[in-house]
There are 2 protein chains.
Amino acid sequence: MWDRFLRACRREPVDCTPVWFMRQAGRYMQEYRDIRKSHTLLEICRNTELATEVTLQPIRAHRVDAAILFADILLPLEPMGAPFEFAKGEGPKVFDPIRDEAGVAKLKIIDPEDGLGYVMNAIRSIRGELEGKTPLIGFAGAPFTLASYLIEGGKSSNYALTKMMMYQKPELWAELMSKLSEVVRRYLRAQVAAGAQAVQLFDSWAGALSQADYADFILPHVKHILGDIETLGVPVIHFGTATASLLELQRDAGGTVIGVDWRTPLADAWKRIGYDRAVQGNLEPLLLNAPKPLLEKRVDEVLAAADGRDGHIFNLGHGILPTTPPEAVSHVVEYVHAKSRR
Amino acid sequence: MWDRFLRACRREPVDCTPVWFMRQAGRYMQEYRDIRKSHTLLEICRNTELATEVTLQPIRAHRVDAAILFADILLPLEPMGAPFEFAKGEGPKVFDPIRDEAGVAKLKIIDPEDGLGYVMNAIRSIRGELEGKTPLIGFAGAPFTLASYLIEGGKSSNYALTKMMMYQKPELWAELMSKLSEVVRRYLRAQVAAGAQAVQLFDSWAGALSQADYADFILPHVKHILGDIETLGVPVIHFGTATASLLELQRDAGGTVIGVDWRTPLADAWKRIGYDRAVQGNLEPLLLNAPKPLLEKRVDEVLAAADGRDGHIFNLGHGILPTTPPEAVSHVVEYVHAKSRR
């Protein structure tokens with residue numbers, strides 16, 4: 001069934017539970033590392049042929065039920081006027097972090113075809129290669145998560161500067177979030193127009209926020225994006241980590257599918273979100289490094305939590321790590337398909 | 001009321017809600033920075049006079065309702081055979097991370113008076129200086145949190161090596177956790193014997209675990225500690241962050257008081273934990289950097305969530321950050337006392 005992922009997003013009956021993995025294209029695969037020997041991550045993103053090849057690698061290797069565009073959530077920052085690099089082993093580094101009025105003022109609300117056209121080219125190319133056999137997911141970072149990189153200058157453990165701007169300069173914060181959410185809205189629209197059959201919004205770090213702060217400072221901006229994208233008729237996956245206390249608010253902000261990380265048991269999460277939404281998750285990513293009996297036990301627990309209900313997409317609670325054995329990825333795909341066969 | 005903190009731990013009536021702050025002695029205070037100019041953090045911990053002085057600084061400056069011993073959760077690692085340093089601006093660095101059988105085998109189950117006697121000396125000295133006017137809290141790191149530093153070699157964003165040992169070598173993991181929990185049990189016993197009137201167990205990073213993994217790999221070891229310490233008759237605070245989905249399991253593992261971080265609304269948390277336990281928390285630490293109206297609004301929300309019930313200790317959801325204005329700390333103490341006056 002080529003479209004079991006899309007059907008599950010819409011809570012339609014499927015022959016078995018669809019499976020894909022966040023960061024399913026990446027360093028854990030030899031085929032990817034071979035390409036990285038002569039190309040940076042950003043070079044791969046910007047090169048249609050390479051982005052296509054890398055996106056397809058896990059489809060060929062693991063028979064997952066969806067392809068996800070090879071890209072990075074930070075790509076829109078450069079054309080907006082905030083260039084960055086991936087420093088070796090240190091994650092992203094924004095050269096000139098945005099911390100004041102002047103910084104926010106200089107950020108441009110871009111048209112995605114100006115500066116991000118290469119992403120849409122990759123989508124068109126991947127769709128061509130997939131020949132309708134596997135659906136393609138596009139994605140973007142959510143405004144809080146993008147703002148945290150812009151303000152902190154990279155990954156943060158406590159988001160101190162981000163939260164300080166939010167608390168101390170609420171108008172400036174709102175201006176920054178408005179710019180980011182408008183760019184993300186346009187960017188996801190452009191991805192859908194180019195052929196993405198579903199999109200995922202990564203609010204990876206929203207789980208650092210209290211309910212009150214999420215509701216006051218974040219939710220309206222996420223709604224600005226998802227309220228529009230949901231009118232396009234493609235499924236929208238709304239994802240974050242450490243969001244155990246935010247699931248209802250994230251659902252209210254939008255999403256056909258709510259992503260659940262491994263910290264919240266899927267049965268509890270789905271009950272709270274409501275069965276009128278699909279859910280995605282939620283195996284602990286490190287379990288791919290566990291011995292097979294424990295891995296299978298925990299996969300069984302996720303499937304039992306979903307209780308055979310239509311609208312479950314099997315995934316990890318966050319992205320695949322570089323140390324993951326590719327055999328474990330293939331095994332989980334086969335195992336989930338077999339165990340969930342209707 | 002000198003003992004309103006201890007009374008609240010036992011859910012006895014108080015004149016107003018007690019307040020203290022995790023990391024209330026620290027870099028946000030000029031008095032502390034002055035001492036750090038000529039002494040490292042570890043020198044302060046090991047010097048009775050300096051540890052006493054630094055512990056007392058926030059008592060004098062902010063009139064908080066409890067003193068907490070100035071120390072670090074990693075102190076037991078050195079006498080156990082795993083020395084470490086605090087690298088400038090990078091957090092702790094364990095020189096020789098523990099990753100295999102030989103590493104675990106060489107860890108010693110110490111008697112706390114051998115190698116940690118300076119901590120008990122500090123407790124005796126601080127108790128003398130406090131003259132019964134403010135209760136003193138001792139503390140230790142919990143075995144998972146300590147293991148994560150030992151195995152990763154420092155702070156981690158995903159605990160990959162820690163979880164891999166847990167999954168791939170469960171016997172070795174159990175051996176490591178047994179050693180750590182026995183040392184922590186002895187260490188907290190020794191702190192109580194030296195005069196600590198309450199103790200807090202910091203399982204700061206347990207929130208990285210799923211319920212199933214916490215129950216299988218962590219809970220029995222925490223129980224080994226808290227089951228014993230609770231027989232001593234002093235309140236035990238059991239604390240972690242990002243534990244929204246673990247609160248019931250942490251309660252089952254033990255604790256007179258359960259610490260709640262800012263991610264979970266206190267009213268929900270207390271209901272789930274049960275009103276037969278006290279709760280501590282849970283203001284977002286960065287709100288101390290917010291303008292007064294927002295800060296007070298969020299403090300009001302915490303107090304409203306506690307609903308005037310006996311057994312609430314006001315605290316942050318995690319430690320005070322170096323950028324915190326000391327005036328905000330004083331203000332919150334006064335404000336909570338005034339607003340919660342019975």
# chains A, B, ... in the order shown; residues from 1 in each chain; ligands from 1
call {"tool": "residues_around", "arguments": {"residues": "segment 181-193 of chain A", "least_positions_apart": "6", "cutoff": "7 Å", "atoms": "only C-alpha atoms", "output": "number ranges by chain"}}
result
A: 109-110, 112, 120, 138-140, 143, 221-222, 224-225, 229
call {"tool": "write_last_selection", "arguments": {"atoms": "N, CA and C atoms", "output": "PDB file, in the first residue's frame"}}
result
ATOM      1  N   ILE A 109      11.461  39.343   5.285  1.00  0.00           N
ATOM      2  CA  ILE A 109      10.383  38.379   5.029  1.00  0.00           C
ATOM      3  C   ILE A 109      10.487  37.990   3.561  1.00  0.00           C
ATOM      4  N   ILE A 110      11.123  36.872   3.326  1.00  0.00           N
ATOM      5  CA  ILE A 110      11.463  36.504   1.947  1.00  0.00           C
ATOM      6  C   ILE A 110      10.324  35.770   1.256  1.00  0.00           C
ATOM      7  N   PRO A 112       9.954  32.480  -0.675  1.00  0.00           N
ATOM      8  CA  PRO A 112      10.810  31.282  -0.641  1.00  0.00           C
ATOM      9  C   PRO A 112      11.514  30.987  -1.965  1.00  0.00           C
ATOM     10  N   MET A 120      12.728  23.725  -3.318  1.00  0.00           N
ATOM     11  CA  MET A 120      11.598  23.339  -4.167  1.00  0.00           C
ATOM     12  C   MET A 120      12.078  22.520  -5.378  1.00  0.00           C
ATOM     13  N   GLY A 138       7.594  17.249   3.313  1.00  0.00           N
ATOM     14  CA  GLY A 138       8.413  18.450   3.431  1.00  0.00           C
ATOM     15  C   GLY A 138       8.451  18.880   4.886  1.00  0.00           C
ATOM     16  N   PHE A 139       9.240  19.887   5.224  1.00  0.00           N
ATOM     17  CA  PHE A 139       9.250  20.312   6.626  1.00  0.00           C
ATOM     18  C   PHE A 139       9.863  21.690   6.789  1.00  0.00           C
ATOM     19  N   ALA A 140       9.598  22.247   7.964  1.00  0.00           N
ATOM     20  CA  ALA A 140      10.203  23.521   8.357  1.00  0.00           C
ATOM     21  C   ALA A 140      10.318  23.547   9.869  1.00  0.00           C
ATOM     22  N   PRO A 143       8.580  28.705  14.627  1.00  0.00           N
ATOM     23  CA  PRO A 143       9.193  29.988  14.978  1.00  0.00           C
ATOM     24  C   PRO A 143       9.958  30.005  16.317  1.00  0.00           C
ATOM     25  N   HIS A 221       1.529  32.318  16.895  1.00  0.00           N
ATOM     26  CA  HIS A 221       2.411  32.319  15.724  1.00  0.00           C
ATOM     27  C   HIS A 221       2.394  30.956  15.018  1.00  0.00           C
ATOM     28  N   VAL A 222       2.300  29.900  15.792  1.00  0.00           N
ATOM     29  CA  VAL A 222       2.188  28.572  15.186  1.00  0.00           C
ATOM     30  C   VAL A 222       0.845  28.453  14.453  1.00  0.00           C
ATOM     31  N   HIS A 224      -0.771  30.853  13.066  1.00  0.00           N
ATOM     32  CA  HIS A 224      -0.657  31.622  11.829  1.00  0.00           C
ATOM     33  C   HIS A 224      -0.165  30.720  10.697  1.00  0.00           C
ATOM     34  N   ILE A 225       0.760  29.846  11.007  1.00  0.00           N
ATOM     35  CA  ILE A 225       1.302  28.941   9.990  1.00  0.00           C
ATOM     36  C   ILE A 225       0.317  27.816   9.691  1.00  0.00           C
ATOM     37  N   ILE A 229      -1.754  26.383   6.378  1.00  0.00           N
ATOM     38  CA  ILE A 229      -1.279  25.181   5.669  1.00  0.00           C
ATOM     39  C   ILE A 229      -2.342  24.090   5.685  1.00  0.00           C
TER      40      ILE A 229
END
call {"tool": "select_by_dssp", "arguments": {"residues": "segment 48-236 of chain A", "states": "helix (DSSP H, G or I)", "output": "ChimeraX atom specification"}}
result
/A:48-62,77-80,101-106,117-130,143-152,160-168,170-194,206-208,211-232
call {"tool": "interface_residues", "arguments": {"of": "chain A", "to": "chain B", "cutoff": "8 Å", "atoms": "only C-alpha atoms", "output": "number ranges by chain"}}
result
A: 157, 160, 163-164, 167-168, 207-211, 242, 244-245, 262-265, 284, 286-287, 289-291, 294
call {"tool": "write_last_selection", "arguments": {"atoms": "C-alpha atoms", "output": "short mmCIF file (atom, residue, chain, number, x, y, z; two decimals), in the first residue's frame"}}
result
data_model
loop_
_atom_site.label_atom_id
_atom_site.label_comp_id
_atom_site.auth_asym_id
_atom_site.auth_seq_id
_atom_site.Cartn_x
_atom_site.Cartn_y
_atom_site.Cartn_z
CA SER A 157 20.70 24.14 27.23
CA ALA A 160 18.18 32.00 28.63
CA LYS A 163 13.36 33.67 27.11
CA MET A 164 14.83 36.99 28.24
CA TYR A 167 9.91 38.40 28.72
CA GLN A 168 11.75 41.69 28.56
CA GLY A 207 9.19 21.73 25.38
CA ALA A 208 11.41 24.18 27.27
CA LEU A 209 8.38 26.42 27.83
CA SER A 210 5.67 26.45 30.47
CA GLN A 211 2.05 26.14 29.35
CA ALA A 242 9.70 17.25 26.04
CA ALA A 244 4.40 16.22 27.80
CA SER A 245 2.62 19.24 29.31
CA TRP A 262 9.26 8.96 24.05
CA ARG A 263 8.78 10.66 27.42
CA THR A 264 4.98 10.46 27.25
CA PRO A 265 3.36 7.05 26.87
CA GLU A 284 13.13 6.22 22.37
CA LEU A 286 18.52 5.01 21.59
CA LEU A 287 16.52 1.78 21.59
CA ASN A 289 21.08 0.54 19.79
CA ALA A 290 19.51 -1.95 22.19
CA PRO A 291 19.62 -5.75 21.89
CA LEU A 294 14.46 -5.18 24.42
#
call {"tool": "select_by_dssp", "arguments": {"residues": "segment 224-303 of chain B", "states": "strand (DSSP E or B)", "output": "list of chain:residue names"}}
result
B:Val236, B:Ile237, B:His238, B:Phe239, B:Val257, B:Ile258, B:Gly259, B:Ala278, B:Val279, B:Gln280, B:Gly281, B:Asn282, B:Leu283
call {"tool": "residues_around", "arguments": {"residues": "segment 51-59 of chain A", "least_positions_apart": "3", "cutoff": "6 Å", "atoms": "only C-alpha atoms", "output": "list in words"}}
result
Ala25, Ile44, Cys45, Asn47, Thr48, His62, Arg63, Val64, Leu69, Phe70 and Ile126 of chain A
call {"tool": "closest_residue", "arguments": {"among": "B:Pro293, B:Phe5, B:Leu77, B:Lys108", "to": "Gln280 of chain B", "atoms": "only C-alpha atoms"}}
result
B:Phe5
call {"tool": "atom_distance", "arguments": {"atom1": "atom CA of Gly128 of chain B", "atom2": "atom CA of Gly115 of chain B"}}
result
22.4 Å
call {"tool": "atom_distance", "arguments": {"atom1": "atom CA of Glu90 of chain B", "atom2": "atom CA of Asn315 of chain B"}}
result
26.0 Å
call {"tool": "atom_distance", "arguments": {"atom1": "atom CA of Tyr149 of chain A", "atom2": "atom CA of Ile313 of chain A"}}
result
28.7 Å
call {"tool": "residues_around", "arguments": {"residues": "segment 91-104 of chain A", "least_positions_apart": "6", "cutoff": "7 Å", "atoms": "only C-alpha atoms", "output": "VMD selection string"}}
result
chain A and resid 82 to 85 150 to 154 172 176
call {"tool": "write_last_selection", "arguments": {"atoms": "N, CA and C atoms", "output": "PDB file, in the first residue's frame"}}
result
ATOM      1  N   ALA A  82      20.393  36.079   8.092  1.00  0.00           N
ATOM      2  CA  ALA A  82      21.141  35.574   9.249  1.00  0.00           C
ATOM      3  C   ALA A  82      21.911  34.318   8.862  1.00  0.00           C
ATOM      4  N   PRO A  83      23.053  34.487   8.188  1.00  0.00           N
ATOM      5  CA  PRO A  83      23.816  33.319   7.756  1.00  0.00           C
ATOM      6  C   PRO A  83      24.397  32.535   8.943  1.00  0.00           C
ATOM      7  N   PHE A  84      24.659  31.280   8.712  1.00  0.00           N
ATOM      8  CA  PHE A  84      25.149  30.372   9.754  1.00  0.00           C
ATOM      9  C   PHE A  84      26.026  29.318   9.120  1.00  0.00           C
ATOM     10  N   GLU A  85      26.715  28.562   9.972  1.00  0.00           N
ATOM     11  CA  GLU A  85      27.469  27.415   9.467  1.00  0.00           C
ATOM     12  C   GLU A  85      27.281  26.262  10.445  1.00  0.00           C
ATOM     13  N   LEU A 150      18.491  31.679  16.394  1.00  0.00           N
ATOM     14  CA  LEU A 150      18.849  33.048  15.997  1.00  0.00           C
ATOM     15  C   LEU A 150      19.382  33.845  17.186  1.00  0.00           C
ATOM     16  N   ILE A 151      18.731  33.704  18.332  1.00  0.00           N
ATOM     17  CA  ILE A 151      19.059  34.532  19.488  1.00  0.00           C
ATOM     18  C   ILE A 151      20.264  33.979  20.252  1.00  0.00           C
ATOM     19  N   GLU A 152      20.251  32.650  20.501  1.00  0.00           N
ATOM     20  CA  GLU A 152      21.362  32.065  21.262  1.00  0.00           C
ATOM     21  C   GLU A 152      22.625  31.990  20.390  1.00  0.00           C
ATOM     22  N   GLY A 153      22.440  31.929  19.076  1.00  0.00           N
ATOM     23  CA  GLY A 153      23.578  31.760  18.174  1.00  0.00           C
ATOM     24  C   GLY A 153      23.882  30.302  17.896  1.00  0.00           C
ATOM     25  N   GLY A 154      23.140  29.400  18.519  1.00  0.00           N
ATOM     26  CA  GLY A 154      23.357  27.967  18.316  1.00  0.00           C
ATOM     27  C   GLY A 154      22.444  27.199  19.243  1.00  0.00           C
ATOM     28  N   LEU A 172       9.237  43.268  20.652  1.00  0.00           N
ATOM     29  CA  LEU A 172      10.303  42.832  19.756  1.00  0.00           C
ATOM     30  C   LEU A 172      10.172  41.335  19.478  1.00  0.00           C
ATOM     31  N   LEU A 176       9.707  39.494  15.887  1.00  0.00           N
ATOM     32  CA  LEU A 176      10.575  38.415  15.412  1.00  0.00           C
ATOM     33  C   LEU A 176       9.748  37.176  15.063  1.00  0.00           C
TER      34      LEU A 176
END
call {"tool": "closest_residue", "arguments": {"among": "B:Val336, B:Ala196, B:Asp203, B:His312", "to": "Thr256 of chain B", "atoms": "only C-alpha atoms"}}
result
B:His312
call {"tool": "residues_around", "arguments": {"residues": "Arg10 of chain B", "least_positions_apart": "2", "cutoff": "7 Å", "atoms": "only C-alpha atoms", "output": "list in words"}}
result
Leu6, Arg7, Ala8, Glu12, Ala278 and Gly311 of chain B
call {"tool": "write_last_selection", "arguments": {"atoms": "C-alpha atoms", "output": "PDB file, in the first residue's frame"}}
result
ATOM      1  CA  LEU B   6      10.181  22.041  57.570  1.00  0.00           C
ATOM      2  CA  ARG B   7       6.517  22.343  58.499  1.00  0.00           C
ATOM      3  CA  ALA B   8       5.492  22.641  54.846  1.00  0.00           C
ATOM      4  CA  GLU B  12       1.676  21.050  58.609  1.00  0.00           C
ATOM      5  CA  ALA B 278       4.215  17.895  49.697  1.00  0.00           C
ATOM      6  CA  GLY B 311       2.533  21.286  51.874  1.00  0.00           C
TER       7      GLY B 311
END
call {"tool": "residues_around", "arguments": {"residues": "Leu303 of chain A", "least_positions_apart": "3", "cutoff": "12 Å", "atoms": "only C-alpha atoms", "output": "MDAnalysis selection string"}}
result
chainID A and resid 16:19 265:267 279:283 296:300 306:315 332 335:341
